[in-house]
$ cat protein_22.cif   # mmCIF, C-alpha atoms
data_work
loop_
_atom_site.label_atom_id
_atom_site.label_comp_id
_atom_site.auth_asym_id
_atom_site.auth_seq_id
_atom_site.Cartn_x
_atom_site.Cartn_y
_atom_site.Cartn_z
CA MET A 1130 0.00 0.00 0.00
CA GLU A 1131 1.23 3.51 -0.83
CA SER A 1132 2.08 5.87 2.04
CA MET A 1133 0.56 9.32 1.42
CA ILE A 1134 2.10 10.93 4.53
CA VAL A 1135 5.50 9.90 5.89
CA VAL A 1136 6.77 11.49 9.11
CA ASP A 1137 10.38 10.31 9.47
CA ASP A 1138 12.21 10.94 12.78
CA VAL A 1139 10.85 14.49 13.06
CA THR A 1140 11.96 16.89 15.77
CA MET A 1141 10.64 20.46 16.04
CA ARG A 1142 12.28 23.00 18.33
CA PHE A 1143 11.26 26.62 18.84
CA HIS A 1144 13.73 29.33 19.94
CA MET A 1145 11.56 31.21 22.45
CA ASN A 1146 12.10 34.52 24.21
CA THR A 1147 11.71 34.02 27.97
CA ASP A 1148 11.79 37.70 29.01
CA LYS A 1149 8.64 39.71 29.63
CA ILE A 1150 9.15 42.62 27.23
CA LEU A 1151 6.29 45.10 27.21
CA SER A 1152 7.16 47.32 24.23
CA LEU A 1153 8.92 47.32 20.87
CA LYS A 1154 11.31 50.02 22.16
CA GLU A 1155 12.37 47.81 25.08
CA PHE A 1156 12.84 44.84 22.73
CA VAL A 1157 15.05 46.83 20.32
CA THR A 1158 17.12 48.32 23.16
CA ARG A 1159 17.72 44.94 24.79
CA LYS A 1160 18.37 43.30 21.42
CA ILE A 1161 21.13 45.84 20.64
CA ARG A 1162 22.67 45.27 24.04
CA GLY A 1163 22.45 41.50 23.60
CA ASN A 1164 20.40 41.31 26.76
CA ILE A 1165 17.57 39.00 25.65
CA ARG A 1166 17.30 35.49 27.02
CA TYR A 1167 16.15 32.65 24.80
CA GLU A 1168 15.19 29.10 25.56
CA ASP A 1169 14.73 26.15 23.23
CA PHE A 1170 11.35 24.43 23.48
CA THR A 1171 11.01 20.97 21.90
CA ALA A 1172 7.44 20.59 20.60
CA LEU A 1173 8.11 17.24 18.85
CA ASP A 1174 10.88 14.81 19.68
CA HIS A 1175 11.89 12.16 17.11
CA VAL A 1176 8.37 11.32 15.90
CA SER A 1177 7.78 8.79 13.09
CA PHE A 1178 4.61 7.37 11.53
CA ARG A 1179 2.95 6.81 8.15
CA VAL A 1180 -0.55 7.32 6.79
CA GLU A 1181 -1.55 5.01 3.95
CA ARG A 1182 -3.65 5.95 0.90
CA GLY A 1183 -7.34 6.13 1.83
CA GLU A 1184 -6.66 5.76 5.56
CA THR A 1185 -8.16 7.98 8.26
CA LEU A 1186 -5.59 8.32 11.04
CA GLY A 1187 -6.53 9.94 14.34
CA LEU A 1188 -4.18 12.15 16.33
CA ILE A 1189 -4.89 12.55 20.04
CA GLY A 1190 -3.13 14.07 23.04
CA ARG A 1191 -3.65 16.66 25.70
CA ASN A 1192 -3.07 20.38 25.16
CA GLY A 1193 0.61 21.02 24.50
CA ALA A 1194 1.29 17.46 23.33
CA GLY A 1195 2.43 18.66 19.87
CA LYS A 1196 -0.69 17.95 17.78
CA SER A 1197 -1.03 21.42 16.24
CA THR A 1198 2.69 21.56 15.46
CA MET A 1199 2.45 18.19 13.72
CA LEU A 1200 -0.51 19.33 11.61
CA LYS A 1201 1.37 22.48 10.55
CA LEU A 1202 4.42 20.43 9.58
CA ILE A 1203 2.36 18.06 7.45
CA SER A 1204 0.50 21.00 5.90
CA GLY A 1205 3.81 22.61 4.94
CA ILE A 1206 3.28 25.67 7.16
CA LEU A 1207 6.35 24.76 9.24
CA LYS A 1208 9.60 22.96 8.40
CA PRO A 1209 11.03 20.47 10.91
CA THR A 1210 14.24 21.23 12.82
CA GLU A 1211 15.33 17.63 12.20
CA GLY A 1212 13.91 14.74 10.19
CA ARG A 1213 11.62 14.82 7.20
CA VAL A 1214 7.91 15.08 6.35
CA THR A 1215 6.84 13.77 2.93
CA THR A 1216 3.36 14.10 1.43
CA ARG A 1217 2.16 12.68 -1.88
CA GLY A 1218 -0.70 14.50 -3.58
CA SER A 1219 -2.72 17.66 -3.00
CA VAL A 1220 -3.13 18.69 0.65
CA VAL A 1221 -6.12 20.67 1.97
CA PRO A 1222 -5.57 21.79 5.58
CA MET A 1223 -8.66 22.61 7.67
CA LEU A 1224 -6.75 24.05 10.60
CA GLU A 1225 -7.80 27.61 11.38
CA LEU A 1226 -11.10 28.09 9.59
CA GLY A 1227 -11.48 31.55 8.11
CA SER A 1228 -7.84 32.55 8.74
CA GLY A 1229 -7.53 33.59 5.09
CA PHE A 1230 -10.67 35.75 5.13
CA ASP A 1231 -10.77 39.55 4.81
CA ASN A 1232 -13.27 41.19 7.17
CA ASP A 1233 -13.90 44.09 4.78
CA LEU A 1234 -15.01 41.79 1.95
CA THR A 1235 -18.37 40.08 1.52
CA GLY A 1236 -18.94 36.36 1.89
CA ARG A 1237 -19.08 36.10 -1.92
CA GLU A 1238 -15.72 37.84 -2.32
CA ASN A 1239 -14.16 35.78 0.44
CA ILE A 1240 -15.16 32.54 -1.28
CA PHE A 1241 -12.88 33.49 -4.17
CA LEU A 1242 -10.15 34.88 -1.89
CA ASN A 1243 -10.08 31.86 0.44
CA GLY A 1244 -10.45 29.45 -2.45
CA ALA A 1245 -7.42 31.00 -4.17
CA ILE A 1246 -5.40 30.65 -0.95
CA LEU A 1247 -6.35 26.96 -0.86
CA GLY A 1248 -5.14 26.62 -4.45
CA TYR A 1249 -8.45 26.46 -6.34
CA SER A 1250 -8.75 28.16 -9.75
CA GLU A 1251 -11.26 30.94 -10.36
CA GLU A 1252 -12.97 28.75 -12.96
CA PHE A 1253 -13.36 25.92 -10.44
CA LEU A 1254 -14.72 28.31 -7.77
CA LYS A 1255 -17.27 29.74 -10.20
CA GLU A 1256 -18.38 26.21 -11.01
CA LYS A 1257 -18.73 25.31 -7.32
CA TYR A 1258 -20.03 28.70 -6.11
CA ASP A 1259 -23.73 27.79 -5.88
CA ASP A 1260 -22.88 24.54 -4.07
CA ILE A 1261 -20.69 26.39 -1.57
CA VAL A 1262 -23.38 28.97 -0.80
CA ALA A 1263 -26.10 26.31 -0.52
CA PHE A 1264 -24.00 24.20 1.84
CA SER A 1265 -23.14 27.21 4.02
CA GLU A 1266 -26.87 28.10 4.41
CA LEU A 1267 -25.95 31.80 4.43
CA GLY A 1268 -28.55 32.83 1.84
CA GLN A 1269 -28.72 36.61 1.38
CA PHE A 1270 -25.94 37.13 3.94
CA ILE A 1271 -23.45 35.98 1.29
CA ASP A 1272 -23.34 39.59 0.03
CA VAL A 1273 -22.79 41.09 3.50
CA PRO A 1274 -19.24 41.99 4.70
CA ILE A 1275 -18.10 39.17 6.94
CA ARG A 1276 -17.24 41.57 9.77
CA ASN A 1277 -20.98 41.33 10.45
CA TYR A 1278 -20.95 37.51 10.63
CA SER A 1279 -21.20 35.56 13.84
CA SER A 1280 -18.40 33.06 14.53
CA GLY A 1281 -20.78 30.26 13.52
CA MET A 1282 -21.58 31.88 10.17
CA LEU A 1283 -17.89 32.41 9.50
CA ALA A 1284 -17.06 28.80 10.32
CA ARG A 1285 -19.86 27.51 8.09
CA LEU A 1286 -18.61 29.55 5.13
CA ALA A 1287 -14.99 28.48 5.68
CA PHE A 1288 -15.92 24.80 5.99
CA SER A 1289 -18.09 25.02 2.87
CA VAL A 1290 -15.21 26.41 0.80
CA ALA A 1291 -12.59 24.01 2.15
CA SER A 1292 -14.70 20.86 1.80
CA MET A 1293 -15.99 21.46 -1.73
CA VAL A 1294 -13.20 19.45 -3.37
CA GLN A 1295 -11.92 15.89 -3.36
CA PRO A 1296 -8.39 16.42 -2.00
CA GLU A 1297 -5.91 13.57 -1.92
CA ILE A 1298 -4.90 14.47 1.66
CA LEU A 1299 -7.18 16.23 4.14
CA ILE A 1300 -5.80 17.66 7.42
CA VAL A 1301 -8.64 18.19 9.89
CA ASP A 1302 -8.50 19.90 13.29
CA GLU A 1303 -11.74 19.75 15.32
CA ILE A 1304 -13.70 20.60 12.18
CA LEU A 1305 -16.90 18.87 13.25
CA SER A 1306 -17.53 21.31 16.09
CA VAL A 1307 -18.46 24.18 13.75
CA GLY A 1308 -21.93 25.72 13.67
CA ASP A 1309 -25.09 24.45 15.33
CA ALA A 1310 -26.08 20.82 15.86
CA ALA A 1311 -27.76 20.50 12.45
CA PHE A 1312 -24.74 21.92 10.62
CA GLN A 1313 -22.38 19.71 12.64
CA GLU A 1314 -24.32 16.68 11.46
CA LYS A 1315 -24.15 17.91 7.87
CA SER A 1316 -20.40 18.53 8.29
CA ARG A 1317 -19.96 15.01 9.63
CA ALA A 1318 -21.81 13.59 6.61
CA ARG A 1319 -19.62 15.65 4.26
CA MET A 1320 -16.47 14.42 6.01
CA THR A 1321 -17.69 10.82 5.76
CA GLU A 1322 -18.33 11.36 2.05
CA LEU A 1323 -14.79 12.67 1.53
CA MET A 1324 -13.30 9.76 3.46
CA GLY A 1325 -15.37 7.25 1.53
CA GLY A 1326 -14.13 8.73 -1.74
CA GLY A 1327 -10.56 7.58 -1.12
CA THR A 1328 -9.23 10.74 0.52
CA THR A 1329 -6.40 10.20 3.03
CA VAL A 1330 -7.29 11.96 6.29
CA LEU A 1331 -5.34 13.03 9.37
CA PHE A 1332 -7.96 13.85 11.97
CA VAL A 1333 -7.47 15.61 15.32
CA SER A 1334 -10.26 15.78 17.87
CA HIS A 1335 -10.70 15.93 21.64
CA SER A 1336 -13.79 13.75 21.18
CA LEU A 1337 -12.72 10.13 21.55
CA ASP A 1338 -16.17 9.07 20.28
CA GLN A 1339 -15.49 10.90 17.00
CA ILE A 1340 -12.01 9.39 16.80
CA ARG A 1341 -13.36 5.87 17.35
CA GLU A 1342 -16.14 6.42 14.81
CA MET A 1343 -14.05 7.91 12.02
CA CYS A 1344 -10.52 6.49 12.41
CA GLY A 1345 -9.00 3.07 11.89
CA ARG A 1346 -5.68 3.81 13.62
CA VAL A 1347 -4.64 6.43 16.16
CA VAL A 1348 -1.37 8.13 17.14
CA TRP A 1349 -1.25 9.27 20.77
CA LEU A 1350 1.19 12.15 21.36
CA GLU A 1351 2.41 13.01 24.85
CA GLN A 1352 4.96 15.78 25.55
CA GLY A 1353 6.06 15.75 21.92
CA ARG A 1354 6.65 12.00 21.69
CA ILE A 1355 4.56 9.07 20.49
CA LYS A 1356 3.09 7.40 23.56
CA MET A 1357 1.17 4.77 21.57
CA ILE A 1358 0.10 3.96 18.02
CA GLY A 1359 -2.38 1.29 16.97
CA PRO A 1360 -6.08 0.45 16.40
CA ALA A 1361 -8.47 3.24 17.41
CA ASP A 1362 -10.36 1.30 20.11
CA GLU A 1363 -7.13 0.10 21.70
CA VAL A 1364 -5.38 3.48 21.80
CA CYS A 1365 -8.49 5.44 22.82
CA GLY A 1366 -9.14 2.89 25.57
CA ALA A 1367 -5.62 3.34 26.97
CA TYR A 1368 -5.83 7.14 26.66
CA ASP A 1369 -9.20 7.30 28.42
CA VAL A 1370 -8.05 5.40 31.55
#
$ encode --input "protein_22.cif" --output "structure tokens"
Amino acid sequence: MESMIVVDDVTMRFHMNTDKILSLKEFVTRKIRGNIRYEDFTALDHVSFRVERGETLGLIGRNGAGKSTMLKLISGILKPTEGRVTTRGSVVPMLELGSGFDNDLTGRENIFLNGAILGYSEEFLKEKYDDIVAFSELGQFIDVPIRNYSSGMLARLAFSVASMVQPEILIVDEILSVGDAAFQEKSRARMTELMGGGTTVLFVSHSLDQIREMCGRVVWLEQGRIKMIGPADEVCGAYDV
């Protein structure tokens, strides 16, 4: 079977400022004097795993375990300090929904802006536009500047844009918690449809029920290292003790 994501002995360190600097002037002054203290923080420590074509792999761990860093590495947002991350095929990251939106633009305009950021062509977005709007359930609000949107409306629009393709690799972070209960159920159905279509999925959620339902295997991260990797029921059962 072909591996679509290969994480090979990956370590990620951040060079963090440990001083409490309250202004840019203070930072510049202390920088010139060489009086700023830094500390290395290891977010991931020699992590290795693979995700096979068509597989849905869960990623669990408590806050600070390294999950978000791992997702950003696989999405190409970050580069590892050591080791290598290899992906095969188009990657659609659903990490920070709406992060590519412009508050001064309308929902309609943001569909094309966000779609372009995700790598979709204008022709493709025009073809999918009606489907995106219908899925988002925004109706006439699609022509309102998104600064007037509630967080739920914004999340629905972002999810609708991001999920309107058949990516080869989908990176998902707590995506099924967007919107109200009815929209969450519709989002879940859309995710299931994508997974059933052969998409390879890396799925992060604090809901072990969702992980068990949607994932075949699970990686459990703890303090930047793999604590356990194996079948979903087995790993979730150990994690939940």
$ closest_residue --input "protein_22.cif" --among "A:Val1176, A:Ala1361, A:Leu1242, A:Val1214" --to "Leu1202 (chain A)" --atoms "all atoms listed in the file"
A:Val1214
$ resolve_selection --input "protein_22.cif" --expression "the PyMOL selection byres ((chain A and resi 1336-1344) around 7)" --output "PyMOL selection string"
chain A and resi 1185-1187+1334-1335+1345-1347+1361-1362+1365
$ atom_distance --input "protein_22.cif" --atom1 "CA of Asn1277 (chain A)" --atom2 "CA of Ser1289 (chain A)"
18.2 Å
$ residues_around --input "protein_22.cif" --residues "region 1267-1271 of chain A" --least-positions-apart "4" --cutoff "12 Å" --atoms "only C-alpha atoms" --output "list in words"
Leu1234, Thr1235, Gly1236, Arg1237, Glu1238, Asn1239, Ile1240, Tyr1258, Asp1259, Asp1260, Ile1261, Val1262, Ala1263, Ile1275, Arg1276, Asn1277, Tyr1278, Ser1279, Gly1281, Met1282, Leu1283, Ala1284, Arg1285, Leu1286, Ala1287, Ser1289, Gly1308 and Phe1312 of chain A
$ closest_residue --input "protein_22.cif" --among "A:Ala1318, A:Ile1355, A:Ala1367, A:Val1220" --to "Asp1138 (chain A)" --atoms "all atoms listed in the file"
A:Ile1355
$ resolve_selection --input "protein_22.cif" --expression "the PyMOL selection byres ((chain A and resi 1209) around 8)" --output "short mmCIF file (atom, residue, chain, number, x, y, z; two decimals) with C-alpha atoms, in the coordinates of the input"
data_model
loop_
_atom_site.label_atom_id
_atom_site.label_comp_id
_atom_site.auth_asym_id
_atom_site.auth_seq_id
_atom_site.Cartn_x
_atom_site.Cartn_y
_atom_site.Cartn_z
CA VAL A 1139 10.85 14.49 13.06
CA THR A 1140 11.96 16.89 15.77
CA MET A 1141 10.64 20.46 16.04
CA ARG A 1142 12.28 23.00 18.33
CA LEU A 1202 4.42 20.43 9.58
CA LEU A 1207 6.35 24.76 9.24
CA LYS A 1208 9.60 22.96 8.40
CA THR A 1210 14.24 21.23 12.82
CA GLU A 1211 15.33 17.63 12.20
CA GLY A 1212 13.91 14.74 10.19
CA ARG A 1213 11.62 14.82 7.20
CA VAL A 1214 7.91 15.08 6.35
#
$ resolve_selection --input "protein_22.cif" --expression "the PyMOL selection byres ((chain A and resi 1200) around 9)" --output "PDB file with C-alpha atoms, in the frame of the given file"
ATOM      1  CA  GLY A1195       2.430  18.660  19.870  1.00  0.00           C
ATOM      2  CA  LYS A1196      -0.690  17.950  17.780  1.00  0.00           C
ATOM      3  CA  SER A1197      -1.030  21.420  16.240  1.00  0.00           C
ATOM      4  CA  THR A1198       2.690  21.560  15.460  1.00  0.00           C
ATOM      5  CA  MET A1199       2.450  18.190  13.720  1.00  0.00           C
ATOM      6  CA  LYS A1201       1.370  22.480  10.550  1.00  0.00           C
ATOM      7  CA  LEU A1202       4.420  20.430   9.580  1.00  0.00           C
ATOM      8  CA  ILE A1203       2.360  18.060   7.450  1.00  0.00           C
ATOM      9  CA  SER A1204       0.500  21.000   5.900  1.00  0.00           C
ATOM     10  CA  GLY A1205       3.810  22.610   4.940  1.00  0.00           C
ATOM     11  CA  ILE A1206       3.280  25.670   7.160  1.00  0.00           C
ATOM     12  CA  PRO A1222      -5.570  21.790   5.580  1.00  0.00           C
ATOM     13  CA  LEU A1224      -6.750  24.050  10.600  1.00  0.00           C
ATOM     14  CA  ILE A1300      -5.800  17.660   7.420  1.00  0.00           C
ATOM     15  CA  VAL A1301      -8.640  18.190   9.890  1.00  0.00           C
ATOM     16  CA  ASP A1302      -8.500  19.900  13.290  1.00  0.00           C
ATOM     17  CA  LEU A1331      -5.340  13.030   9.370  1.00  0.00           C
ATOM     18  CA  VAL A1333      -7.470  15.610  15.320  1.00  0.00           C
TER      19      VAL A1333
END
$ residues_around --input "protein_22.cif" --residues "Gly1248 (chain A)" --least-positions-apart "2" --cutoff "12 Å" --atoms "only C-alpha atoms" --output "list in words"
Ser1219, Val1220, Val1221, Pro1222, Phe1241, Leu1242, Asn1243, Gly1244, Ala1245, Ile1246, Ser1250, Glu1251, Glu1252, Phe1253, Leu1254, Val1290, Ala1291, Val1294 and Pro1296 of chain A
$ write_last_selection --input "protein_22.cif" --atoms "C-alpha atoms" --output "CSV table (one decimal), keeping the file's coordinate frame"
chain,number,residue,atom,x,y,z
A,1219,SER,CA,-2.7,17.7,-3.0
A,1220,VAL,CA,-3.1,18.7,0.6
A,1221,VAL,CA,-6.1,20.7,2.0
A,1222,PRO,CA,-5.6,21.8,5.6
A,1241,PHE,CA,-12.9,33.5,-4.2
A,1242,LEU,CA,-10.2,34.9,-1.9
A,1243,ASN,CA,-10.1,31.9,0.4
A,1244,GLY,CA,-10.4,29.4,-2.4
A,1245,ALA,CA,-7.4,31.0,-4.2
A,1246,ILE,CA,-5.4,30.6,-1.0
A,1250,SER,CA,-8.8,28.2,-9.8
A,1251,GLU,CA,-11.3,30.9,-10.4
A,1252,GLU,CA,-13.0,28.8,-13.0
A,1253,PHE,CA,-13.4,25.9,-10.4
A,1254,LEU,CA,-14.7,28.3,-7.8
A,1290,VAL,CA,-15.2,26.4,0.8
A,1291,ALA,CA,-12.6,24.0,2.2
A,1294,VAL,CA,-13.2,19.4,-3.4
A,1296,PRO,CA,-8.4,16.4,-2.0
$ closest_residue --input "protein_22.cif" --among "A:Leu1173, A:Ser1292, A:Leu1350, A:Pro1360" --to "Ser1316 (chain A)" --atoms "all atoms listed in the file"
A:Ser1292
$ closest_residue --input "protein_22.cif" --among "A:Ser1265, A:Met1223, A:Val1348, A:Gly1325" --to "Arg1179 (chain A)" --atoms "all atoms listed in the file"
A:Val1348
$ atom_distance --input "protein_22.cif" --atom1 "CA of Thr1321 (chain A)" --atom2 "CA of Ile1134 (chain A)"
19.8 Å
$ atom_distance --input "protein_22.cif" --atom1 "CA of Val1180 (chain A)" --atom2 "CA of Leu1247 (chain A)"
21.9 Å
$ closest_residue --input "protein_22.cif" --among "A:Asp1309, A:Asp1233, A:Val1135, A:Gly1327" --to "Asp1272 (chain A)" --atoms "all atoms listed in the file"
A:Asp1233
$ closest_residue --input "protein_22.cif" --among "A:Glu1322, A:Glu1363, A:Gly1353, A:Met1133" --to "Phe1170 (chain A)" --atoms "all atoms listed in the file"
A:Gly1353
